[in-house]
Each structure stands twice: as structure tokens, then as C-alpha cells.
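The block underneath contains the structure these notes are about, expressed in C-alpha cells.
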Amino acid sequence: MFQAISKGIRKFIQKILQSRNENLIAFRTKIFMGILIIVGFGVAAFGRLAYFNIARGEELRKRAYSLQLNDTTVSAKRGTIYDTNGNTLAQSATVWQIVLTPNNFETDEQRVFVSQRLAEILNLDQNEIFQKTQGKTYYAIVKRKVETKEKDKVLELCNEIEEKYGSITLVSIIEDYKRYYPYGNFASAVIGFTGSDGAGLEGIEYQYDSYLTGVSGRIITARNARGVEMPFKYEQKADAQDGNNLVLTIDEKIQHTMEKYLKQGIAENKVANRAVAIMMEVETGAILGWAVEDGYDLNDPFTIADPTVQAEIDKLPETQKEKAESEALSKQWRNKAVADTYYPGSVWKVITSCMGWSEGTITDQSTYTCSGSYVPFEGARAIGCHKESGHGLQNFNQALCNSCNPAFMQIGQAIGAEKFWEYYQAFGFSEKTGIDLPGEQSDIFFGDGTGAMQPIDLAVASFGQNFAITPIQMVTAISAVGNEGKLMQPYIVKEITDTDGNVVESRKPVVKRHVVSKEVTQKVIAAMEENSKTGSAKNSYVAGYRVAGKTGTSEKKVYNADGSQQYIASFCGFAPANDPKVCMLVYFDTPLGDSYYGSSVAAPVFANIMGEVLPYLNIETEYTKEEIALMDTTADNYIGANVSEAKNRITAGGFNVIVKGDGDKVISQIPTAKSRLPQNGTVVLYTDEESMNNDVVEVPDLTKLTVAEVNAKASYNDLNVSIVGSNAQGEGISYSQDIKAGSKVKSGTVISVNFEQDSNYGSGVM
Amino acid sequence: MAEQSKSHSSRRKSSAYSNDERHTSPQNRRTPERKSSGTTTRTSRNTSTRTSAPRRTSERTRTTDRYRNENPASETLRTTATRNSSSPRKTTTVKGKATVKGKKRKNSLIYKVTKFFSIRDGLDRPFFLLVIVLLIVGITMMFSASYAFAYYNAGDSFYYLVRQAGFAVVGVILMIGISYFDYRYLYKLDKAILLVAFLLLVIVLFMPARNGVTRWIEIGSLFSFQASEVMKFAIILFYAKYSYEHFEKMGTFKYGVLPALIVALPTVFLLYLEPHYSCIVIIVMLLVVMMFIAGVKIRWFVAGGGGIVAVFLALKIFDKLQYAQERLDGWGLALEENLSTDMQWKVWQTMNSLYAIGSGGMTGLGIGQSREKYLYLPEPQNDFVFAIVVEELGLIGGVVVMLLFIGLIVRGIMISLEAHDRFGMLLGVGLMSQIGIQVLINILVVTDTLPNTGISLPFFSYGGTSLVMLLAQMGIVLSISRNANIEKT
């Protein structure tokens, strides 16, 4: 076979060579033909053809498709974010996107016309648009998020173009969405915002971006190079699948309350570095409110919210502006409650207590002596108590109420470093809580991460110094104390629903672990409740509710310009003490006002928030007799009654009465019917017009007085006072009043007076 | 001469119809005697035959002689006597009809058809059929490719089809007509045609430019043609005649190279003014092929190659290659991503051509289903029609088209090599080479192997006058075939 072939080839070559001798033309022609066909057609032409057709066919086909197919993206509507009651926190509304098809422009005249008109309508730079009309692409975005008003004008322009140049697509309008946050500056750290491309950048918007985004739809049509649909049918349509909705555990009412009082706290205490309040449902770990103040307007996240910061940046030279601005923005967006760690301070004593009780090193019989300072181990430097004279001999409850550092150093020593580290881990401080918010930071503990502590570390750690945790870790751990020792996984998204409202995913509370026994927590809660009633946490008292809490004043180890220490004032507690429902941490970073103590800065804010939230949550009140005596009631209606009859009714109710005018019948009264009237208050009755019109009283200054003094001064002026913030014992000093001193009111008007406990009362510094 | 033809016919009559004799004898007559020592005795016997122009007188004798032979009766006789093996199918039919029908046979359709394709002075049937098939396939694909372009630009999808088909009909008629004329009429027309071609190349420079180049001569608004088309033919004709006349001296510079240069240099210069670089390439290649075939010594090609490179470099140094440069800039870059806007425009046509080739796959999208033709590939009916062929008919379709062209070229060259005389040989090979070179360069351009220089694909690309000219040239090949000693079935 092979021989036959080689013989044939040889014969063929011979024949050709022979023809060379016989006929030069034929010979050379055949050589030319051979080269043309074999090398030219066979190798070069076929080779190149096959290379592009087969080897690169797939790639070229795809590229051709992307050229030939007009792929219009149909934006999916981003899901709505609701609060737990279905109030809308974030939603998307339809806006428009203006797009050019640069390839379809034929002349510069068209380019100039279109760019000029678009620049007019959309208020953009004409040159920039003109640049975009160059090139061979089919898609160049001119402007996104165009409102309907402008869109209509662009539509008119499109019609004009059609009249002028025929049916070529130069400008098109595509549906788009814009994110609106109806509450503006509200829960900004939680909700976050989206970027110009619609993707979430911060907060829930970022964390749940994939759920919220949905799937963009596409309409793919075959178009010819001028953007006109081709005669052959090719259209594929994939509808946009709108994003899922989120239902948060956040309650808009609670959130508002928290933000209101937190802002007030910041203002009153001149807090330099923002404040945080987190409220958690004890049994589930659901976050009911999460305030990081000062927040920013979610509808305008790229503007620096704080005008003073903006003013400072404006003063900077141009070169530093940009950097300063971006720094300010990232600080503004930073979710302090997960992203910043802090020394927990005396709030930590609750955790140390749990360790002690659980390990049996604290008993009902345990006593601790405080001489004003304590040497934790031999050779160590004495660590002082905040009460330099010392707390003397205390049992456990007293030690906690006093927030006595020497006592807790003793408790800590009894526990030992090893156990301390075990409980530290058990309470979830060594790990991230797993809250479904972005940016959570890890704790910073002593040593190398194995929990190894030096004796001095253990001593200061016992009262919460020199190791850093995040606020969310703290509130989760304290919540576990209120939850019979069960550590919950905190969460903020309750449900994910589809566009029709069907629940896609529903979050179930997750118990991470059982840290300490119910008995242990009961002991600790008892001490915390006593603390809130009579101890250092007195300012957290909420009338009618059994609050249990602990103050904290942590040294930041950061110093002010004058060399003084910066502090964090915090308070963490829960209510009601007998069956904790909600747990809240309030945390002020660097108060620079009159006081920096947790007891005077954070505790009143805690009390204010709880005072509104607990009734809102329909948690039953339990008033003591003393509390009832201090409670406000509402005034009855006396208008139209005989003066004598009204008088009798009022005095029978335990109130005082003042009658003004000479008439027989009551024509008006203050306080008006159904409005607030304090116990032992005074009702003013008017019997004629003249007395009513002429009755004017000047409001006296009611601040910096005791409760008794305020009452006396008010009744002297025929005014009523409603006492806010005083405890059941009627202790405290007034610090503000809702109607300003000097303003003119009618007698009998109720003036709210806020009281606080002695602001220099002991807290938990070292 | 009379003696010559007499001996010729007598040889034929007696025993010449053995196959061997048919192939060797006419060739032997034409074999050059410049290497007399090396050639056989048979060459020396024919020394005097083909040094002067082919004489129509002698040919006439031969023709009448042949007609006599073609007489079916004698054919039958002859076949039975001598040609048992060569072509039994055809001869038997003829024999059957002829014997039965008797005197009517000359008027019968069968007779006419048979005569049209008959062995000796009939057309070469494979070549004729290949031309027709290529023409039909070509026009069909041109129509398909131009469909959208015509619709959007001329408002009528059939715009190009109607015109091209009209020219094709004219062209086919012209082709058949020319095939009846003896190609040796052209022998004396070479200088006239060359002169006309030069004139046209000058005239065209004063024509209004299209796309910045002046290549078309417009007559009224209907007809326009590229002046260079005429030039291509003129040069083939000129050189065929010249080398025929001076065949023995083709080895020398004076006869082999100088006349080619004398014709080529002004042509190249005029084409450079248009500018029409692709045509320069084709004309140079054609001349090279013609010279090669005519027996010019290899060393001149080496020298010429060096000269072309030198000229090219010189042009480059003086920055006169701007137009070609612009085209060349995009060469090989068609599929690069991230090209500048400027370059995007330059490679646009080639890029879309490659998209079309890639989209076709093995079997294509189906006829009429091209997407690239919808204004993506600019002027798909012109130079890049082959890309649409591959897109619609796939790699297989593309290869089939290439095979059709190869078939045409091979058959055309076979015919030419069997031509009656050396002039016919050189003319025929020249004409077929032109097609071969043009097809090859077109495909290489379409596949981005060569720079995009504007070379059309014969039979496929739109262009009425060039199609007519092409078919007229095919007519000349057919005319050669009428006189060629080749099996025409």
C-alpha cells in the first residue's frame, strides 16, 4: 500500500519534471497552480477561515450577539424596608434614566443638537454629553434618577429628533428607581442607604442587598445597526423580579423615642463623640430600637450632617478638603454600636457578679471591705475606689449598688483568670454577635487571644477596664442575664417577604448558649433592681416599673486638651425586674458637660426612654403607695356646675381649689377637663369672663430645688407642677421645667419639672 | 503553411486519435527550441511552425477540416474504427441519433446542444457549467447580503439583485458570443487595448471622487466601472502576446523583464494617484505570474521582489503611504478590545466580517439569515460578501464556494494548457490567474490576513460592469476551449 502510494507520487513528480523539459509553460503554470491552490487556498485561506469559524467561533458569536442584540435592562424594583408594625422606612419610587445610542449619530450637527438640548433639560455640561455621542457603542448613560418632569421634556425631544432625523434611536428613556427614606434622619445607622447605582452601601441596605435588589429583567431584541428592529423576529423577555421586602424588628415609635432622648442627652451633656442606644427584646434577641446619634439624613447621605463639621472643613485649604470630607462622611456613616469598641466600665460588674455567683465565690454571706483603695496582690500599686473614704463593710448587693471597685477586685480574684476567660467567652465577648448589620468589630482582650491575663489585668477587668468590647456585645450579654442566663443571637430583620407580601423567610430567635443558671441571674437581678431603686443607678428609676440596671463610667485612656481624662458614660439595664422584657444600653462617648458619670449622663436618658417605651409595650405597671401619691391624674369637668358643688367635688378628690370671679357657675377651669393634674394639685375655677381674662401669673424659676421646694413655690403662685424623674422617695434636684421662668400663664397651669438625683453621686470609676 | 495544415489533417485522419498522440503532438509543436540540445528530435521537426502570428487562414483550413470530421457520419465511422475507449457514452448517442434521424439531425435541438458542447469546436462544458453555477450562487449570495443594505439605503431590497441579474444576463450573452469569436482576433488589438486602458486610467483621475478615491468612471448615472479592470485585462493580453512573440528570448532581461516594467511602472503610478493599492498589488502579481509562466528567469523575480520592498520602504520614508497606512493600521487589530474611537472605525468592517465568519459555525445560520448584513457589516454586497456567505452557509458553504473557484481555475488552466497555440495558453492562464489571485486575496482580506484594501470577489461582489467584464473574459477562455484539444464533457 505504502509502496504503491510512494510509487505513484514518484511517478507524478517524474511526469511533472518531464513536462518541464517538454513544455516550460505547462510546467510553470502547474507550479503556480499548485502554490495557489495548496498554499493559498488550502493553507492560508482555509486555515484562517477555520480559525475564526471554529477556534474562535464561540467568542465571535457572543461578541456579534452583544453587538446585534439590543439588550435593555429592566430595573427591578428594590424591596421596601418596613418597621415591625409595617411602617415604611425605605422604599423605591420610579424615576428615569436617559441613555444615548452613540453609534446611531451620523453627523456632528445631530450630536450638537442632541447634546445641547439634553444639557438644557437635564442641567448638565454640553461638552460632556457631546463626548458621549462619539464612538461606536450603543449605550451611554447621560443621567440617572431623572424625575418625571424632566423625563417628559426628554420625551418631547425624542419626538423632535424623530421629526428631524427620521426614526433612528438617538436618545432613549429607561425606567429606573430612586430610593426614598420617608423619615429622613431616622435609624440611619440601621437602615443605611444606597449608592447611585442602586446598590446598598451601608446598614441593612448593604447587608440585605441581595434580597432587596431583586433580579433585573432584560428585553433582548435583534436590532440592526441603526437601532431599528430587524425584520426577523428575535425577542426574548425576562421580566424584572422585584426585590424582596424586609420587615425589621425595629419599632418606629420606640426608635423615635430613643433618638429623641439620646439627642437631648447629647445636647445636655455636650457629648463630643456621638451616642448609642440599643434596645433588645430580652427573650428573643430582637432589636427594638437602635439609635446612633447624631445620625444623618438618609435621603442625602453624602452631605455632612453636622454643620459645625462642615464649617470646619470649609475653612481648610482646598487640598485637604476632600480628605477631610471623606473622613467626616465615613465617621458619619459609621455604625458606632457595632464598629466601635469601648471599655465597658462598671456595667461589666454585672457580668463579674454572674461569674462569682455561678462559681459560688459570691454567697449571701459574702462581705467585702472597702477602705478607699485596694491592693489586688502583693507588690501591686493600690487601686483606688471612686469614694476615697471607702465604702466600709458591704454585702454583695451593697457592693453592686455602691459600684465599689475594691469589692469587685476581690470578687474577680476569687474567680481567677481562667474562669474569667471562660465566662468572657460564654457571654459571647470573644466572638462577634452575628447581628445582621455590616461592620461588626471584634473585641480586644488582654494578651494573645488565649485568655491569658496578668494579675493586674484580672484586677482591672473585674470592674470593666482595659479590655474593649462593642456596645452590641454588652447589651446582648446583659440581656442574657435578664433572660434566665440564655444568650440570644441578636437580630434586626424579622421577616423577608416577597412583593405580594408572602413571607419568604422568617427569623426565629436563636439561643446561642445557656451561660449561667436562672438562680444566679435572679441574685444578680435583685442586686441590680436595688441599685436602680436606691443605689448608684437611682436615676434610672421609672415610676410604676421595676427597673434593674447598672451604670458605667469608663475611662477612655484618651485625654482632652487640658490633660483631663475622657470618659464614656453608659447605662445598661432591663425592665421589669421580675420578668425582664426589654434590655437597653445607653452609651455616651465623651460627655464634656458638667458631669461625665454614667449615673448622671446615661441613667436619666435610660429612664426617660423606658418611661415612654414600657407603657407603649403595654407592660403592666406596679405602683407603690408612694408612687401613687406622686402620680398625676386627670382633671374632671366642672364647667357648668355650681361653684359650691364643684368645690365639694374637687376637695373630695383630694385637690385644692381656687375660685376666681363672682359668678355662681363655673364657666372655665384650669387644668382643663381630661388634662393632667398632679396629686394634691390645684384646680382653678372661673365664674365670670373678666376674672378669666385678667388672670395672669408669672412662672417662677423652679430649677435647682428639691421636690418639696418646687411644690411649695408652685402652690404659692397658684400653679401646678408635675414631677418628672424623682424617685419614689421624692429625692432629687430639679434641673429643668417645660414652661420657661418668666412666661405668663393662667393660674393652675401644670408645669413639668424634671428632677435628677445628685449628679455627683458615686458611680463606677475604677 | 498549407503543407503544414495538410500534414496536420492527414495525421488526424489516419491514426492521430490515440490519446497519447492527442496530448503530445500539439504540445510538441509548440515546445520552444531555445534549448535545442536538451529537447528531443520531435521539437526540431516543428521548429518553424509557431514563430510567427497564428494565421487565420490556416486555421480556417483546419476548421473546415474539422467540420468535415465533425460530420456525424464520419465521426461514427471514425469512432468505431479508432476510439473505442475514449468517450463511449457521447459517441454512442450521437451515433444512435445520427443513424436514425438522418438528414434532420442538423436542425434538431439535440444536435445543436451537442454541438454547443462538442469535443472539438464546442464549448468546454465543465467550465461553462462552473461559470454558471458560480454566477447563480454568487448573485444569490450577493442578493442575500445586500438585502438589508439595499432596503435601508435604496429603499428597495431588490435594488442590487435587479441590477446585478441584468448585468449577468448581458454578461452571459456576451460570454457565449465571445466564445464564438476566435480569441486570436485579440492578437492584434493588444496595443490598442493597452492604450485605451492607459487613457482610462488618466481620465479616471478627473472623475469625482468616491470615499476620497477616484477609481470609477461614470457614464451617465447608471454605468460606472473601475478603469483598472480594463487595465488588468490589457496587461494580460499585452504580455501574452509579447511573450508569445518573443518566447525564445524571454530568458533575457531585455525581452523578459523590460517590457513588463515599461507597462507596469506607468500603470502603478497612475493607480497610485487614484489611489488603488489593491489593484497595484493584483497587477504586479499578475505580471509576475505571466512572466513566470512565460519563462522569465527566476533571478529576475528575486531582484524584482527586492525592488518592490525598496520602493515600499522609500514610500514609507517619504510618508506617502498615508492612505494605505490608515488601512494597514487596523490590520490584525480587528478583534482587539479597548481600541480608540478612531481605530474602532477603521477596523469596523473587518471586525464585523470576523463576527460574521464566527457566527456562521459549521453549517451557517441558513440562507437569508445573516445578522451582520443588517447594517453592521458596511456594504456587505461588495468586498465582504464572502463573510456573509460563511455566516449564512457556514464553513462548509465557504469551503464549497472555494472549491467551486478552485474547480473553475483548474479547469480554466487545463483548457489553456491545451490551447491551440502558445498565445492562447498564456492568455488563458493569465485570465484564470487573475481570478485565482483575486479570490484568494479577497478571502485573505475577509479573514483579516491581509489589510483591508478593497478587492472584490469575482461572481459574488456587486458591480455590474466588472461582472460583464469578468464574463467576457470567461468568454475568451471558452473561446480558447473551442479550439483546445480537451475533453469537454
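Every chain in the C-alpha cells has a letter given in the order shown (A, B, ...), and although residue numbers restart at 1 in each chain, ligands are simply numbered from 1 in the order shown.
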Once you count only C-alpha atoms, which residues of chain A turn out to be within 9 Å of chain B? Could you give them as JSON, numbers by chain? {"A": [21, 22, 23, 24, 25, 26, 27, 28, 29, 30, 32, 33, 36, 37, 40, 41, 44, 45, 46, 48, 49, 50, 51, 52, 53, 54, 55, 56, 57, 58, 59, 60, 61, 62, 63, 64, 65, 67, 68, 134, 135, 136, 222, 223, 224, 225, 226, 230, 232]}
List every residue of segment 542-584 of chain A that DSSP, applied to the backbone, labels as strand (DSSP E or B), and write the result as a ChimeraX atom specification. /A:548-559,565-575,582-584
Residue selection dump (N, CA and C atoms) as a PDB file, in the first residue's frame:
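Final output, saved to selection_34.pdb:
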ATOM      1  N   ALA A 548     -34.091  47.276  86.564  1.00  0.00           N
ATOM      2  CA  ALA A 548     -32.835  46.779  87.111  1.00  0.00           C
ATOM      3  C   ALA A 548     -31.723  47.209  86.173  1.00  0.00           C
ATOM      4  N   GLY A 549     -30.681  47.827  86.725  1.00  0.00           N
ATOM      5  CA  GLY A 549     -29.650  48.306  85.811  1.00  0.00           C
ATOM      6  C   GLY A 549     -28.344  48.575  86.496  1.00  0.00           C
ATOM      7  N   LYS A 550     -27.393  48.929  85.697  1.00  0.00           N
ATOM      8  CA  LYS A 550     -26.072  49.231  86.231  1.00  0.00           C
ATOM      9  C   LYS A 550     -25.460  50.370  85.427  1.00  0.00           C
ATOM     10  N   THR A 551     -24.882  51.300  86.126  1.00  0.00           N
ATOM     11  CA  THR A 551     -24.219  52.419  85.468  1.00  0.00           C
ATOM     12  C   THR A 551     -22.792  52.033  85.104  1.00  0.00           C
ATOM     13  N   GLY A 552     -22.214  52.832  84.283  1.00  0.00           N
ATOM     14  CA  GLY A 552     -20.808  52.612  83.975  1.00  0.00           C
ATOM     15  C   GLY A 552     -20.166  53.921  83.552  1.00  0.00           C
ATOM     16  N   THR A 553     -18.985  54.158  84.067  1.00  0.00           N
ATOM     17  CA  THR A 553     -18.228  55.328  83.625  1.00  0.00           C
ATOM     18  C   THR A 553     -16.838  54.810  83.287  1.00  0.00           C
ATOM     19  N   SER A 554     -16.580  54.659  82.007  1.00  0.00           N
ATOM     20  CA  SER A 554     -15.307  54.049  81.632  1.00  0.00           C
ATOM     21  C   SER A 554     -14.302  55.108  81.254  1.00  0.00           C
ATOM     22  N   GLU A 555     -13.098  54.903  81.711  1.00  0.00           N
ATOM     23  CA  GLU A 555     -12.003  55.780  81.287  1.00  0.00           C
ATOM     24  C   GLU A 555     -11.602  55.359  79.888  1.00  0.00           C
ATOM     25  N   LYS A 556     -11.465  56.360  79.034  1.00  0.00           N
ATOM     26  CA  LYS A 556     -11.116  56.009  77.654  1.00  0.00           C
ATOM     27  C   LYS A 556      -9.618  55.892  77.466  1.00  0.00           C
ATOM     28  N   LYS A 557      -8.877  56.386  78.438  1.00  0.00           N
ATOM     29  CA  LYS A 557      -7.421  56.487  78.302  1.00  0.00           C
ATOM     30  C   LYS A 557      -7.063  57.408  77.136  1.00  0.00           C
ATOM     31  N   VAL A 558      -7.990  58.271  76.867  1.00  0.00           N
ATOM     32  CA  VAL A 558      -7.746  59.315  75.866  1.00  0.00           C
ATOM     33  C   VAL A 558      -7.937  60.617  76.617  1.00  0.00           C
ATOM     34  N   TYR A 559      -7.104  61.620  76.316  1.00  0.00           N
ATOM     35  CA  TYR A 559      -7.120  62.805  77.162  1.00  0.00           C
ATOM     36  C   TYR A 559      -7.533  64.041  76.384  1.00  0.00           C
ATOM     37  N   GLN A 565      -8.968  63.291  81.666  1.00  0.00           N
ATOM     38  CA  GLN A 565      -9.372  62.028  81.067  1.00  0.00           C
ATOM     39  C   GLN A 565     -10.690  62.166  80.300  1.00  0.00           C
ATOM     40  N   GLN A 566     -10.819  61.425  79.207  1.00  0.00           N
ATOM     41  CA  GLN A 566     -12.125  61.341  78.530  1.00  0.00           C
ATOM     42  C   GLN A 566     -12.846  60.093  79.031  1.00  0.00           C
ATOM     43  N   TYR A 567     -14.153  60.227  79.103  1.00  0.00           N
ATOM     44  CA  TYR A 567     -14.931  59.117  79.650  1.00  0.00           C
ATOM     45  C   TYR A 567     -16.028  58.684  78.689  1.00  0.00           C
ATOM     46  N   ILE A 568     -16.504  57.467  78.937  1.00  0.00           N
ATOM     47  CA  ILE A 568     -17.737  57.028  78.303  1.00  0.00           C
ATOM     48  C   ILE A 568     -18.735  56.777  79.412  1.00  0.00           C
ATOM     49  N   ALA A 569     -19.857  57.444  79.313  1.00  0.00           N
ATOM     50  CA  ALA A 569     -20.898  57.255  80.311  1.00  0.00           C
ATOM     51  C   ALA A 569     -21.931  56.300  79.758  1.00  0.00           C
ATOM     52  N   SER A 570     -22.140  55.199  80.454  1.00  0.00           N
ATOM     53  CA  SER A 570     -23.100  54.237  79.914  1.00  0.00           C
ATOM     54  C   SER A 570     -24.038  53.735  80.990  1.00  0.00           C
ATOM     55  N   PHE A 571     -25.093  53.181  80.513  1.00  0.00           N
ATOM     56  CA  PHE A 571     -26.032  52.546  81.426  1.00  0.00           C
ATOM     57  C   PHE A 571     -26.650  51.369  80.701  1.00  0.00           C
ATOM     58  N   CYS A 572     -26.700  50.228  81.399  1.00  0.00           N
ATOM     59  CA  CYS A 572     -27.370  49.093  80.787  1.00  0.00           C
ATOM     60  C   CYS A 572     -28.280  48.462  81.819  1.00  0.00           C
ATOM     61  N   GLY A 573     -29.489  48.176  81.405  1.00  0.00           N
ATOM     62  CA  GLY A 573     -30.423  47.567  82.348  1.00  0.00           C
ATOM     63  C   GLY A 573     -31.644  47.062  81.625  1.00  0.00           C
ATOM     64  N   PHE A 574     -32.516  46.474  82.410  1.00  0.00           N
ATOM     65  CA  PHE A 574     -33.730  45.949  81.787  1.00  0.00           C
ATOM     66  C   PHE A 574     -34.923  46.158  82.698  1.00  0.00           C
ATOM     67  N   ALA A 575     -36.092  45.893  82.197  1.00  0.00           N
ATOM     68  CA  ALA A 575     -37.313  46.062  82.975  1.00  0.00           C
ATOM     69  C   ALA A 575     -38.376  45.108  82.395  1.00  0.00           C
ATOM     70  N   VAL A 582     -37.526  44.057  78.120  1.00  0.00           N
ATOM     71  CA  VAL A 582     -36.612  44.780  77.233  1.00  0.00           C
ATOM     72  C   VAL A 582     -35.361  45.162  77.977  1.00  0.00           C
ATOM     73  N   CYS A 583     -34.262  45.082  77.255  1.00  0.00           N
ATOM     74  CA  CYS A 583     -32.975  45.421  77.818  1.00  0.00           C
ATOM     75  C   CYS A 583     -32.416  46.563  76.986  1.00  0.00           C
ATOM     76  N   MET A 584     -31.806  47.538  77.628  1.00  0.00           N
ATOM     77  CA  MET A 584     -31.282  48.655  76.840  1.00  0.00           C
ATOM     78  C   MET A 584     -29.935  49.114  77.370  1.00  0.00           C
TER      79      MET A 584
END
Neighbour list for Leu288 of chain A as a ChimeraX atom specification, cut-off 10 Å, only C-alpha atoms, skip fewer than 2 positions in-chain: /A:83-84,248-255,278-281,285-286,290,491-492,582-584
Serialized selection, N, CA and C atoms, as a compact mmCIF listing (two decimals), in the first residue's frame:
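What follows is the written file part-v3.txt:
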# COMPACT_ATOMS: atom_id res chain seq x y z
N ASP A 83 -40.80 48.78 59.29
CA ASP A 83 -40.53 48.51 60.70
C ASP A 83 -41.44 47.37 61.13
N THR A 84 -41.35 46.99 62.38
CA THR A 84 -42.07 45.80 62.83
C THR A 84 -43.57 45.93 62.66
N LEU A 248 -38.33 44.80 59.68
CA LEU A 248 -37.34 44.87 60.75
C LEU A 248 -38.00 44.62 62.10
N THR A 249 -37.18 44.30 63.06
CA THR A 249 -37.67 44.19 64.43
C THR A 249 -37.78 45.57 65.07
N ILE A 250 -37.17 46.56 64.40
CA ILE A 250 -37.21 47.93 64.89
C ILE A 250 -38.66 48.42 64.94
N ASP A 251 -38.98 49.09 66.03
CA ASP A 251 -40.31 49.70 66.14
C ASP A 251 -40.11 51.20 66.00
N GLU A 252 -40.82 51.75 65.04
CA GLU A 252 -40.62 53.15 64.70
C GLU A 252 -40.86 54.06 65.92
N LYS A 253 -41.87 53.73 66.71
CA LYS A 253 -42.18 54.57 67.88
C LYS A 253 -41.04 54.52 68.89
N ILE A 254 -40.58 53.28 69.16
CA ILE A 254 -39.50 53.12 70.13
C ILE A 254 -38.25 53.82 69.63
N GLN A 255 -37.98 53.64 68.35
CA GLN A 255 -36.79 54.23 67.75
C GLN A 255 -36.84 55.76 67.89
N ILE A 278 -29.20 50.99 72.36
CA ILE A 278 -29.71 49.78 71.71
C ILE A 278 -30.74 49.16 72.66
N MET A 279 -31.92 48.90 72.12
CA MET A 279 -32.91 48.22 72.93
C MET A 279 -33.18 46.85 72.32
N MET A 280 -33.13 45.87 73.21
CA MET A 280 -33.26 44.50 72.74
C MET A 280 -34.41 43.82 73.46
N GLU A 281 -35.13 43.00 72.73
CA GLU A 281 -36.16 42.19 73.37
C GLU A 281 -35.44 41.03 74.06
N GLY A 285 -33.87 38.38 71.56
CA GLY A 285 -32.67 38.99 70.98
C GLY A 285 -33.00 39.95 69.85
N ALA A 286 -34.31 40.16 69.58
CA ALA A 286 -34.71 41.10 68.53
C ALA A 286 -34.38 42.52 68.96
N TRP A 290 -32.49 51.09 67.74
CA TRP A 290 -31.03 51.13 67.57
C TRP A 290 -30.69 52.54 67.12
N TYR A 491 -30.75 40.06 66.45
CA TYR A 491 -31.10 40.21 65.03
C TYR A 491 -32.00 41.41 64.82
N ILE A 492 -32.04 41.85 63.59
CA ILE A 492 -32.73 43.11 63.31
C ILE A 492 -33.73 42.97 62.17
N VAL A 582 -37.53 44.06 78.12
CA VAL A 582 -36.61 44.78 77.23
C VAL A 582 -35.36 45.16 77.98
N CYS A 583 -34.26 45.08 77.26
CA CYS A 583 -32.98 45.42 77.82
C CYS A 583 -32.42 46.56 76.99
N MET A 584 -31.81 47.54 77.63
CA MET A 584 -31.28 48.66 76.84
C MET A 584 -29.93 49.11 77.37
Would you list the contacts of Gly653 of chain A as a ChimeraX atom specification, taking every protein, DNA or RNA residue within 12 Å and counting only C-alpha atoms, but skipping same-chain residues closer than 2 positions in sequence? /A:633-636,646-651,655-657,677-683
